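**Student:** Can you read through this structure? Questions will come right after.
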Amino acid sequence: MVFLDVDKVTKSYGPLDVLHDINIAIEEGEFLVLVGPSGCGKSTLLNMIAGLEEISGGEIKIKGKVMNGVHPSNRNIAMVFQSYALYPNMTVGENITFGLEMHGVEKSERKKAMLDVATLLQIGKLLDRKPGQLSGGQRQRVAMGRALVRNPDVFLFDEPLSNLDAKLRVDMRIEIKKLHQKLGTTIVYVTHDQIEAMTLSTRIAVMNGGHLQQLGKPKEIYDKPNNVFVATFMGSPSMNVIPAVVRNLAGVPHVEIRRHDDSTSLLKFNDMKFLERENQKILLGIRPEAITDPDGADRKSDNICYLENRIEVIEPAGADTFVSMQLGGKDVTARMRSDTEIITGADFNFAVNMQKAVAFDPESQVRISS
């Protein structure tokens, strides 16, 4: 049974439409991440689930009950905000139990719930402190504790880690994932950080311009993006999108790509249906890790092609080295092993895993390969 159902939901501010027919069915225990650039409508959708924004069209249901017009306090949801929204004059313990107190829960029950959550989040030693005495990570744990203590049907997170430094974001990401695995709660989580989306979610909803671009598991989103926007938004570095032309070489489809010196290379394409597109232009999508040195190529792949091209920029990054070059008139990134012997300005024989390649239509920018 669908636990949280977003059914043909729209949102308008006067003549301005900001959400267009959003359909997302969330099962109990799922961790759904809404991801997209600023202004794409993800926080608006989260606020509509919470009841903080009115729904212009469609329905939102929780456990089969329509939430349209239902006050936030009657939805049994808990929300963790980007700003933490802690009461500065209250102790950590008082912040955690304040919502329970407002709902008339007995003091003994409030204390037990507080201690259980404090143990879970490892903040037992902080219960008598005020928020001003806490670090950013500690405040975030308190905000999560305030949500957890209510035992809601759905947890809503609105960019909860964006105010933290890089290392603390990684630490808190791991803590949130552990928490979900331990409790099995239903979570809807908003972020603009696609790394957070990939690492935390059981499914991802990629949004742009108020439209749902793709809904799927992280690997599906990463390997088979629906369109160029999803391909380039998800992944760091993003997927390379290279202008190419389909060629028929002895009954086998190939893509022809222009190199740095305007000469061309032919790379075998796995999808035989592309013979129907002979001499047509496409956009070839390929992840940086699928372009590497010959010794580092995926030995399980049945389609490694080789392409000699000029190295323009080398970026050492610890365990990896990123290489920039020109293909099809575009900057293209390759991901190499850290000990690969390469020289800026020199030609190099790249191994390209065409088994990982996808293709997009240049006009619609929609994926056309399986």
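Following the order of the structure tokens, chains are lettered A, B, ..., residues in each are numbered from 1, and ligands are numbered from 1.
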I'd like to know which residues of region 219-257 of chain A are helix (DSSP H, G or I) (by DSSP, run on the backbone); could you write them as a list in words?
**Tutor:** Lys219, Glu220, Ile221, Tyr222, Asp223, Val228, Phe229, Val230, Ala231, Thr232 and Phe233 of chain A
**Student:** Please provide as an MDAnalysis selection string all residues within 9 Å of region 326-343 of chain A, with the sequence filter that same-chain residues fewer than 3 positions apart are discarded (counting only C-alpha atoms).
**Tutor:** chainID A and resid 237:244 257:262 264 287:293 296 309:314 316:323 346:348 350
**Student:** Can I get the selection written as a PDB file, in the first residue's frame, with C-alpha atoms?
**Tutor:**
```
ATOM      1  CA  PRO A 237      31.948  15.433 -11.997  1.00  0.00           C
ATOM      2  CA  SER A 238      28.827  15.375 -14.139  1.00  0.00           C
ATOM      3  CA  MET A 239      28.220  13.142 -17.136  1.00  0.00           C
ATOM      4  CA  ASN A 240      30.019  14.201 -20.316  1.00  0.00           C
ATOM      5  CA  VAL A 241      27.563  15.057 -23.116  1.00  0.00           C
ATOM      6  CA  ILE A 242      29.360  14.980 -26.464  1.00  0.00           C
ATOM      7  CA  PRO A 243      27.968  15.835 -29.933  1.00  0.00           C
ATOM      8  CA  ALA A 244      28.389  12.805 -32.197  1.00  0.00           C
ATOM      9  CA  ILE A 257      33.325  11.954 -32.450  1.00  0.00           C
ATOM     10  CA  ARG A 258      35.481  14.921 -33.407  1.00  0.00           C
ATOM     11  CA  ARG A 259      38.795  15.089 -31.538  1.00  0.00           C
ATOM     12  CA  HIS A 260      40.872  18.104 -30.497  1.00  0.00           C
ATOM     13  CA  ASP A 261      42.526  18.444 -33.934  1.00  0.00           C
ATOM     14  CA  ASP A 262      39.238  18.055 -35.890  1.00  0.00           C
ATOM     15  CA  THR A 264      37.498  11.886 -35.852  1.00  0.00           C
ATOM     16  CA  ARG A 287      30.484   9.288 -17.193  1.00  0.00           C
ATOM     17  CA  PRO A 288      34.065  10.400 -16.409  1.00  0.00           C
ATOM     18  CA  GLU A 289      34.917   7.033 -14.815  1.00  0.00           C
ATOM     19  CA  ALA A 290      34.086   5.318 -18.145  1.00  0.00           C
ATOM     20  CA  ILE A 291      36.964   7.222 -19.792  1.00  0.00           C
ATOM     21  CA  THR A 292      40.258   6.137 -18.293  1.00  0.00           C
ATOM     22  CA  ASP A 293      43.702   4.625 -18.940  1.00  0.00           C
ATOM     23  CA  GLY A 296      42.300   0.911 -15.444  1.00  0.00           C
ATOM     24  CA  ASN A 309      43.383  12.630 -27.773  1.00  0.00           C
ATOM     25  CA  ARG A 310      45.299  15.596 -26.374  1.00  0.00           C
ATOM     26  CA  ILE A 311      45.417  16.149 -22.593  1.00  0.00           C
ATOM     27  CA  GLU A 312      44.616  19.792 -21.785  1.00  0.00           C
ATOM     28  CA  VAL A 313      44.381  19.927 -17.972  1.00  0.00           C
ATOM     29  CA  ILE A 314      45.391  17.503 -15.205  1.00  0.00           C
ATOM     30  CA  PRO A 316      45.174  15.434  -9.078  1.00  0.00           C
ATOM     31  CA  ALA A 317      42.467  14.541  -6.522  1.00  0.00           C
ATOM     32  CA  GLY A 318      44.033  12.054  -4.135  1.00  0.00           C
ATOM     33  CA  ALA A 319      42.878   8.575  -5.128  1.00  0.00           C
ATOM     34  CA  ASP A 320      41.921   9.806  -8.619  1.00  0.00           C
ATOM     35  CA  THR A 321      43.304  12.118 -11.252  1.00  0.00           C
ATOM     36  CA  PHE A 322      40.878  14.042 -13.454  1.00  0.00           C
ATOM     37  CA  VAL A 323      41.888  14.877 -17.016  1.00  0.00           C
ATOM     38  CA  ALA A 346      50.636  15.245 -24.662  1.00  0.00           C
ATOM     39  CA  ASP A 347      48.483  12.790 -26.605  1.00  0.00           C
ATOM     40  CA  PHE A 348      47.138   9.834 -24.635  1.00  0.00           C
ATOM     41  CA  PHE A 350      42.150   6.686 -23.569  1.00  0.00           C
TER      42      PHE A 350
END
```
**Student:** Would you pick out the contacts of Ser201 (chain A) at 12 Å or less, using only C-alpha atoms, so that residues sharing its chain but fewer than 5 positions from it are not included, and give the list as number ranges by chain?
**Tutor:** A: 29-35, 173-174, 176-178, 180-181, 186-191, 194-196, 206, 215-219, 221
**Student:** Report the distance between CA of Gln122 (chain A) and CA of Gly104 (chain A) in Å, rounded to one decimal place.
**Tutor:**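 One can read the CA of Gln122 (chain A) to CA of Gly104 (chain A) distance as 26.2 Å.
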**Student:** Near Val149 (chain A), counting only C-alpha atoms, which residues have an atom at most 7 Å away, once you skip same-chain residues fewer than 3 positions from it, shown as a list of chain:residue names?
**Tutor:**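 So, after excluding close chain neighbours, the residues are A:Ala113, A:Met114, A:Val117, A:Gly145, A:Arg146.
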**Student:** Quick one: write out the picked residues with C-alpha atoms as a short mmCIF file (atom, residue, chain, number, x, y, z; two decimals), in the first residue's frame?
**Tutor:**
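Writing done, so here's result_14.cif:
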```cif
data_model
loop_
_atom_site.label_atom_id
_atom_site.label_comp_id
_atom_site.auth_asym_id
_atom_site.auth_seq_id
_atom_site.Cartn_x
_atom_site.Cartn_y
_atom_site.Cartn_z
CA ALA A 113 10.75 9.67 25.21
CA MET A 114 13.40 12.36 25.62
CA VAL A 117 15.91 9.85 21.73
CA GLY A 145 15.55 14.61 18.31
CA ARG A 146 12.62 16.99 18.51
#
```
**Student:** With distances taken over only C-alpha atoms, which of A:Leu164, A:Ala118, A:Leu266, A:Val170 is nearest to Val246 (chain A)?
**Tutor:**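 Once distances to Val246 (chain A) are computed over only C-alpha atoms, the minimum belongs to A:Leu266.
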**Student:** How many Å lie between CA of Asp223 (chain A) and CA of Ile286 (chain A), rounded to one decimal?
**Tutor:**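 Those two atoms sit 9.2 Å apart.
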**Student:** Could you check the closest approach to Ala205 (chain A) for each of A:Gly36, A:Leu127, A:Glu54, A:Ser364 and tell me which residue wins, using only C-alpha atoms?
**Tutor:**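 Nearest to Ala205 (chain A): A:Gly36.
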**Student:** Given only C-alpha atoms as the basis, pick out the residue of A:Gly285, A:Gly99, A:Gly14, A:Pro37 nearest to Phe233 (chain A).
**Tutor:**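 Using only C-alpha atoms, the shortest distance to Phe233 (chain A) belongs to A:Pro37.
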**Student:** For Met354 (chain A), list every protein, DNA or RNA residue within 7 Å, evaluated using only C-alpha atoms, and leave out those in the same chain fewer than 6 positions away; present the list as a ChimeraX atom specification.
**Tutor:** /A:268-269,303-305
**Student:** Can you write out the residues you just picked, keeping N, CA and C atoms, as a PDB file, in the first residue's frame?
**Tutor:**
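Output contents, as saved in result_14.pdb:
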```
ATOM      1  N   LYS A 268      32.409   1.972 -31.053  1.00  0.00           N
ATOM      2  CA  LYS A 268      31.307   1.041 -31.221  1.00  0.00           C
ATOM      3  C   LYS A 268      30.222   1.319 -30.180  1.00  0.00           C
ATOM      4  N   PHE A 269      28.962   1.292 -30.661  1.00  0.00           N
ATOM      5  CA  PHE A 269      27.833   1.529 -29.767  1.00  0.00           C
ATOM      6  C   PHE A 269      27.057   0.228 -29.619  1.00  0.00           C
ATOM      7  N   ASN A 303      32.758  -3.980 -24.254  1.00  0.00           N
ATOM      8  CA  ASN A 303      32.911  -2.963 -25.307  1.00  0.00           C
ATOM      9  C   ASN A 303      33.821  -1.826 -24.853  1.00  0.00           C
ATOM     10  N   ILE A 304      35.110  -2.100 -24.775  1.00  0.00           N
ATOM     11  CA  ILE A 304      36.107  -1.060 -24.498  1.00  0.00           C
ATOM     12  C   ILE A 304      36.675  -0.586 -25.831  1.00  0.00           C
ATOM     13  N   CYS A 305      36.529   0.694 -26.106  1.00  0.00           N
ATOM     14  CA  CYS A 305      37.077   1.292 -27.326  1.00  0.00           C
ATOM     15  C   CYS A 305      38.230   2.221 -26.951  1.00  0.00           C
TER      16      CYS A 305
END
```
**Student:** What is the CA of Asp21 (chain A) to CA of Ile60 (chain A) distance in Å?
**Tutor:**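 Separation of CA of Asp21 (chain A) and CA of Ile60 (chain A): 11.9 Å.
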**Student:** Taking only C-alpha atoms into account, name the residue in A:Gly69, A:Gly124, A:Pro160, A:Gly64 that is nearest to Tyr84 (chain A).
**Tutor:**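 Nearest candidate to Tyr84 (chain A) out of A:Gly69, A:Gly124, A:Pro160, A:Gly64: A:Pro160.
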**Student:** As a list in words, please: every residue in region 92-174 of chain A that DSSP puts in strand (DSSP E or B).
**Tutor:**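 Matching residues, listed in order: Val154, Phe155, Leu156, Phe157 and Asp158 of chain A.
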**Student:** Excluding same-chain residues fewer than 6 positions from His71 (chain A), what lies within 9 Å of it counting only C-alpha atoms, as a list of chain:residue names?
**Tutor:**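 So, after excluding close chain neighbours, the residues are A:Ala50, A:Gly51, A:Leu52.
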**Student:** Calculated over only C-alpha atoms, which of the candidates A:Val228, A:Leu307, A:Val2, A:Ile282 has the smallest distance to Ser263 (chain A)?
**Tutor:**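 Of A:Val228, A:Leu307, A:Val2, A:Ile282, the one nearest Ser263 (chain A), counting only C-alpha atoms, is A:Leu307.
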